[in-house]
>>> print(open('my_file_4.tsv').read())   # TSV, C-alpha atoms
chain	number	residue	atom	x	y	z
A	270	MET	CA	200.36	150.76	91.80
A	271	ASN	CA	201.06	154.26	90.49
A	272	GLN	CA	202.75	157.12	92.29
A	273	LYS	CA	199.49	158.43	93.71
A	274	GLN	CA	198.87	155.02	95.25
A	275	SER	CA	202.34	154.66	96.77
A	276	ILE	CA	202.52	153.24	100.26
A	277	ARG	CA	203.54	156.12	102.49
A	278	VAL	CA	205.98	155.07	105.22
A	279	LEU	CA	207.21	156.87	108.34
A	280	VAL	CA	210.46	155.47	109.81
A	281	VAL	CA	210.86	155.82	113.59
A	282	ASP	CA	214.26	154.96	115.13
A	283	ASP	CA	216.65	156.81	117.41
A	284	HIS	CA	219.67	155.76	115.31
A	285	THR	CA	220.25	157.91	112.24
A	286	ILE	CA	222.16	155.18	110.42
A	287	VAL	CA	219.22	152.78	110.81
A	288	ARG	CA	216.71	155.34	109.51
A	289	ARG	CA	218.88	156.21	106.54
A	290	GLY	CA	219.56	152.55	105.77
A	291	ILE	CA	215.85	151.71	105.75
A	292	LYS	CA	215.12	154.77	103.65
A	293	ALA	CA	217.78	153.77	101.09
A	294	LEU	CA	216.42	150.22	100.97
A	295	LEU	CA	212.83	151.30	100.42
A	296	ALA	CA	213.88	153.88	97.81
A	297	GLU	CA	214.62	150.93	95.50
A	298	THR	CA	210.91	150.03	95.50
A	299	ASP	CA	208.73	152.31	93.38
A	300	GLU	CA	205.54	151.44	95.23
A	301	ILE	CA	206.89	152.51	98.64
A	302	GLN	CA	207.67	156.11	99.58
A	303	VAL	CA	209.38	157.14	102.82
A	304	VAL	CA	207.61	160.38	103.70
A	305	GLY	CA	209.45	161.13	106.93
A	306	GLU	CA	211.83	160.10	109.70
A	307	ALA	CA	211.41	160.45	113.46
A	308	LYS	CA	214.15	159.94	116.04
A	309	ASN	CA	211.85	159.55	119.06
A	310	GLY	CA	208.27	158.88	120.09
A	311	LEU	CA	207.17	162.50	120.35
A	312	GLU	CA	208.39	163.25	116.83
A	313	ALA	CA	206.62	160.11	115.59
A	314	ILE	CA	203.30	161.24	117.06
A	315	GLN	CA	203.64	164.70	115.51
A	316	LEU	CA	204.75	163.46	112.09
A	317	SER	CA	202.14	160.70	111.94
A	318	SER	CA	199.50	163.41	112.08
A	319	GLN	CA	201.24	165.86	109.75
A	320	LEU	CA	202.47	163.45	107.06
A	321	GLU	CA	199.54	160.98	107.03
A	322	PRO	CA	201.59	157.80	106.40
A	323	ASN	CA	199.96	154.45	105.68
A	324	ILE	CA	202.65	152.46	107.50
A	325	ILE	CA	204.89	153.29	110.46
A	326	LEU	CA	208.09	151.32	111.03
A	327	MET	CA	208.50	151.58	114.81
A	328	ASP	CA	211.64	150.89	116.83
A	329	LEU	CA	210.84	149.51	120.28
A	330	LEU	CA	213.82	150.74	122.25
A	331	MET	CA	214.06	154.53	122.21
A	332	PRO	CA	214.95	157.02	124.96
A	333	GLY	CA	212.09	158.90	126.56
A	334	MET	CA	208.88	157.59	125.05
A	335	ASP	CA	209.56	154.05	123.85
A	336	GLY	CA	207.96	152.27	120.91
A	337	ILE	CA	205.23	150.70	123.04
A	338	GLN	CA	203.99	154.00	124.43
A	339	THR	CA	204.27	155.63	121.01
A	340	THR	CA	202.35	152.80	119.32
A	341	ARG	CA	199.64	152.97	121.96
A	342	GLN	CA	199.16	156.73	121.55
A	343	ILE	CA	199.17	156.66	117.75
A	344	SER	CA	196.79	153.68	117.63
A	345	ALA	CA	194.39	155.46	120.00
A	346	CYS	CA	194.28	158.63	117.90
A	347	GLN	CA	194.78	157.15	114.41
A	348	PRO	CA	193.62	153.53	114.54
A	349	TRP	CA	193.68	153.25	110.75
A	350	LEU	CA	197.50	153.53	110.67
A	351	LYS	CA	199.37	150.23	110.33
A	352	ILE	CA	202.36	149.93	112.67
A	353	ILE	CA	205.19	147.45	112.09
A	354	VAL	CA	207.51	146.96	115.04
A	355	LEU	CA	211.23	146.64	114.30
A	356	THR	CA	213.21	144.90	117.01
A	357	SER	CA	216.78	143.67	117.38
A	358	PHE	CA	216.20	140.86	119.84
A	359	VAL	CA	213.84	137.89	119.62
A	360	GLY	CA	213.67	137.72	123.41
A	361	ASP	CA	212.62	141.34	123.76
A	362	ASP	CA	209.98	141.47	126.52
A	363	LYS	CA	208.24	144.31	124.70
A	364	ILE	CA	206.91	142.09	121.90
A	365	PHE	CA	203.76	141.06	123.74
A	366	PRO	CA	203.00	144.59	125.03
A	367	ALA	CA	203.38	145.72	121.41
A	368	ILE	CA	200.58	143.36	120.45
A	369	LYS	CA	198.35	144.92	123.08
A	370	ALA	CA	199.39	148.42	121.99
A	371	GLY	CA	198.09	147.84	118.47
A	372	ALA	CA	201.03	146.91	116.21
A	373	ILE	CA	200.13	144.39	113.50
A	374	GLY	CA	203.61	143.60	112.15
A	375	TYR	CA	206.83	142.45	113.84
A	376	VAL	CA	210.12	142.23	111.95
A	377	LEU	CA	213.69	141.70	113.12
A	378	LYS	CA	216.15	144.38	112.04
A	379	ASP	CA	218.54	141.74	110.71
A	380	SER	CA	215.87	140.09	108.56
A	381	ASP	CA	216.28	139.77	104.82
A	382	PRO	CA	215.36	143.13	103.23
A	383	ARG	CA	212.77	141.33	101.12
A	384	GLU	CA	210.99	140.26	104.30
A	385	LEU	CA	210.63	143.86	105.44
A	386	ILE	CA	209.31	144.94	102.04
A	387	GLN	CA	206.81	142.06	101.95
A	388	SER	CA	205.72	142.90	105.50
A	389	ILE	CA	204.98	146.46	104.40
A	390	TYR	CA	202.88	145.22	101.48
A	391	LYS	CA	200.97	142.76	103.66
A	392	CYS	CA	200.30	145.23	106.47
A	393	PHE	CA	199.16	147.81	103.93
A	394	ARG	CA	196.52	145.28	102.85
A	395	GLY	CA	195.54	144.78	106.48
A	396	GLU	CA	197.23	141.41	106.84
A	397	PRO	CA	199.25	140.91	110.05
A	398	THR	CA	202.81	139.69	109.61
A	399	ILE	CA	205.40	138.38	112.05
A	400	SER	CA	209.05	137.56	111.44
A	401	GLY	CA	209.68	133.81	111.71
A	402	SER	CA	212.05	134.08	114.67
A	403	ILE	CA	209.63	136.27	116.60
A	404	ALA	CA	206.76	133.92	115.76
A	405	ARG	CA	208.68	131.02	117.28
A	406	LYS	CA	209.32	133.10	120.39
A	407	ILE	CA	205.60	133.88	120.65
A	408	LEU	CA	204.67	130.23	120.37
A	409	ASP	CA	207.33	129.20	122.91
A	410	ASP	CA	205.96	131.72	125.42
A	411	PHE	CA	202.33	131.36	124.39
A	412	ASP	CA	200.93	130.80	127.89
A	413	ASP	CA	202.27	134.18	128.96
A	414	VAL	CA	200.65	136.22	126.17
A	415	PRO	CA	198.60	138.91	127.98
A	416	LEU	CA	195.40	138.69	125.95
A	417	GLY	CA	191.89	139.65	126.98
A	418	THR	CA	189.27	137.50	128.69
A	419	PRO	CA	186.16	136.73	126.62
A	420	THR	CA	182.75	137.86	127.78
A	421	PRO	CA	180.19	135.26	128.98
A	422	GLU	CA	178.48	135.71	125.60
A	423	ARG	CA	179.26	132.69	123.43
A	424	LEU	CA	180.60	133.00	119.91
A	425	THR	CA	178.14	132.10	117.18
A	426	ALA	CA	178.90	129.37	114.65
A	427	LYS	CA	179.58	131.98	111.97
A	428	GLU	CA	181.91	133.92	114.28
A	429	VAL	CA	183.86	130.74	115.03
A	430	GLU	CA	184.14	130.03	111.29
A	431	VAL	CA	185.47	133.54	110.64
A	432	LEU	CA	187.87	133.15	113.57
A	433	GLN	CA	189.24	129.89	112.20
A	434	LEU	CA	189.71	131.31	108.70
A	435	LEU	CA	191.33	134.42	110.14
A	436	THR	CA	193.95	132.25	111.88
A	437	GLN	CA	195.04	131.04	108.45
A	438	GLY	CA	196.11	134.60	107.65
A	439	LEU	CA	193.27	135.17	105.17
A	440	THR	CA	192.10	138.67	104.31
A	441	ASN	CA	188.45	139.72	104.68
A	442	GLU	CA	187.99	139.30	100.93
A	443	GLU	CA	189.42	135.77	100.99
A	444	ILE	CA	187.26	134.82	103.98
A	445	ALA	CA	184.22	136.25	102.19
A	446	GLY	CA	184.99	134.11	99.15
A	447	GLN	CA	185.14	130.93	101.22
A	448	MET	CA	181.98	131.72	103.21
A	449	PHE	CA	180.02	133.12	100.24
A	450	ILE	CA	179.26	136.38	102.05
A	451	SER	CA	180.36	139.98	101.48
A	452	SER	CA	183.67	141.32	102.76
A	453	ARG	CA	181.67	143.97	104.65
A	454	THR	CA	179.85	141.22	106.52
A	455	VAL	CA	183.18	139.58	107.33
A	456	GLY	CA	184.40	142.91	108.69
A	457	SER	CA	181.37	143.04	110.96
A	458	TYR	CA	182.10	139.54	112.25
A	459	VAL	CA	185.74	140.46	112.93
A	460	SER	CA	184.65	143.60	114.79
A	461	ARG	CA	182.25	141.56	116.93
A	462	LEU	CA	184.98	139.03	117.67
A	463	MET	CA	187.31	141.79	118.87
A	464	GLU	CA	184.51	143.26	120.99
A	465	LYS	CA	183.51	139.94	122.57
A	466	LEU	CA	187.11	138.91	123.23
A	467	HIS	CA	188.24	142.37	124.42
A	468	LEU	CA	190.99	142.43	121.81
A	469	ALA	CA	192.27	145.30	119.69
A	470	ASN	CA	193.26	143.78	116.32
A	471	ARG	CA	193.44	140.69	114.10
A	472	VAL	CA	196.83	139.62	115.47
A	473	GLN	CA	195.42	139.42	118.99
A	474	VAL	CA	192.34	137.53	117.78
A	475	ALA	CA	194.50	134.96	115.95
A	476	LEU	CA	196.79	134.53	118.96
A	477	TYR	CA	193.77	134.07	121.21
A	478	ALA	CA	192.35	131.39	118.91
A	479	LEU	CA	195.65	129.52	118.91
A	480	ARG	CA	196.04	129.75	122.66
A	481	GLU	CA	192.52	128.47	123.27
A	482	GLY	CA	192.83	125.65	120.73
A	483	MET	CA	190.11	127.13	118.52
A	484	ALA	CA	192.15	127.15	115.30
A	485	TYR	CA	191.99	124.07	113.11
A	486	THR	CA	195.20	125.00	111.34
A	487	GLU	CA	198.41	126.75	112.26
A	488	PHE	CA	198.35	130.53	111.80
A	489	GLU	CA	200.04	131.33	108.49
A	490	LEU	CA	202.35	133.83	110.17
A	491	TYR	CA	204.01	130.97	112.03
A	492	PRO	CA	206.19	128.67	109.92
A	493	SER	CA	205.43	124.97	110.26
A	494	ASN	CA	209.08	124.13	110.92
A	495	ARG	CA	209.25	126.08	114.18
>>> encode(input="my_file_4.tsv", output="structure tokens")
Amino acid sequence: MNQKQSIRVLVVDDHTIVRRGIKALLAETDEIQVVGEAKNGLEAIQLSSQLEPNIILMDLLMPGMDGIQTTRQISACQPWLKIIVLTSFVGDDKIFPAIKAGAIGYVLKDSDPRELIQSIYKCFRGEPTISGSIARKILDDFDDVPLGTPTPERLTAKEVEVLQLLTQGLTNEEIAGQMFISSRTVGSYVSRLMEKLHLANRVQVALYALREGMAYTEFELYPSNR
């Protein structure tokens, strides 16, 4: 990945020391460029439009407009942006609302730095990623996840197959390879799944499949030793 292809990151946190620490960490990786810092939700919304980042690292707990509201507004206006939530507490009751708001990554602030960097790479490729501790919390509280209710329209056999492969953490290209169809066709299936299930992103679809017992294997984001 050359400089022109660098992953552009916007860091959003109300603590200066956290923003600077993340910026210093990511500066050690040539493929990732921190293009801006925001200390609150309003600044994040403005800078996300001005700086055109690929990834936003979003703190949940901020004064005024919190990370949930900010994620929801940015996702509504710029749905192509990938938002990774950074949280300090596994038991934070904002994790599930963050899923509904549109975030596709969830990382603890005290995680290994390599985990954050890998999460950025994965989310840039469109692959959802969840810190192991947060994943265990999600599974423990699975019955309370506020996901959508499917329409009366039944899923087709192909849609179910895509759904099951998606819960393994596979990308569209990897799913296409296993089903011997194009990645564009897979994208259409995923879009129809989200429409039928009233869900906003791949994370929600995978969580729904797990909750409803429709996945034949454990979602890759969740470690087997939970």
>>> closest_residue(input="my_file_4.tsv", among="A:Ile444, A:Leu432, A:Arg453, A:Glu321", to="Val474 in chain A", atoms="only C-alpha atoms")
A:Leu432
>>> atom_distance(input="my_file_4.tsv", atom1="CA of Gln473 in chain A", atom2="CA of Lys369 in chain A")
7.5 Å
>>> residues_around(input="my_file_4.tsv", residues="Val455 in chain A", least_positions_apart="5", cutoff="9 Å", atoms="all atoms listed in the file", output="PyMOL selection string")
chain A and resi 431+441-442+444-445+448+450+460
>>> closest_residue(input="my_file_4.tsv", among="A:Ile286, A:Ile301, A:Leu326, A:Ile373", to="Gln274 in chain A", atoms="all atoms listed in the file")
A:Ile301
>>> closest_residue(input="my_file_4.tsv", among="A:Asp379, A:Asp335, A:Glu464, A:Asp328", to="Ile353 in chain A", atoms="all atoms listed in the file")
A:Asp328
>>> closest_residue(input="my_file_4.tsv", among="A:Lys292, A:Arg277, A:Lys391, A:Arg383", to="Leu439 in chain A", atoms="all atoms listed in the file")
A:Lys391
>>> atom_distance(input="my_file_4.tsv", atom1="CA of Leu295 in chain A", atom2="CA of Tyr390 in chain A")
11.7 Å
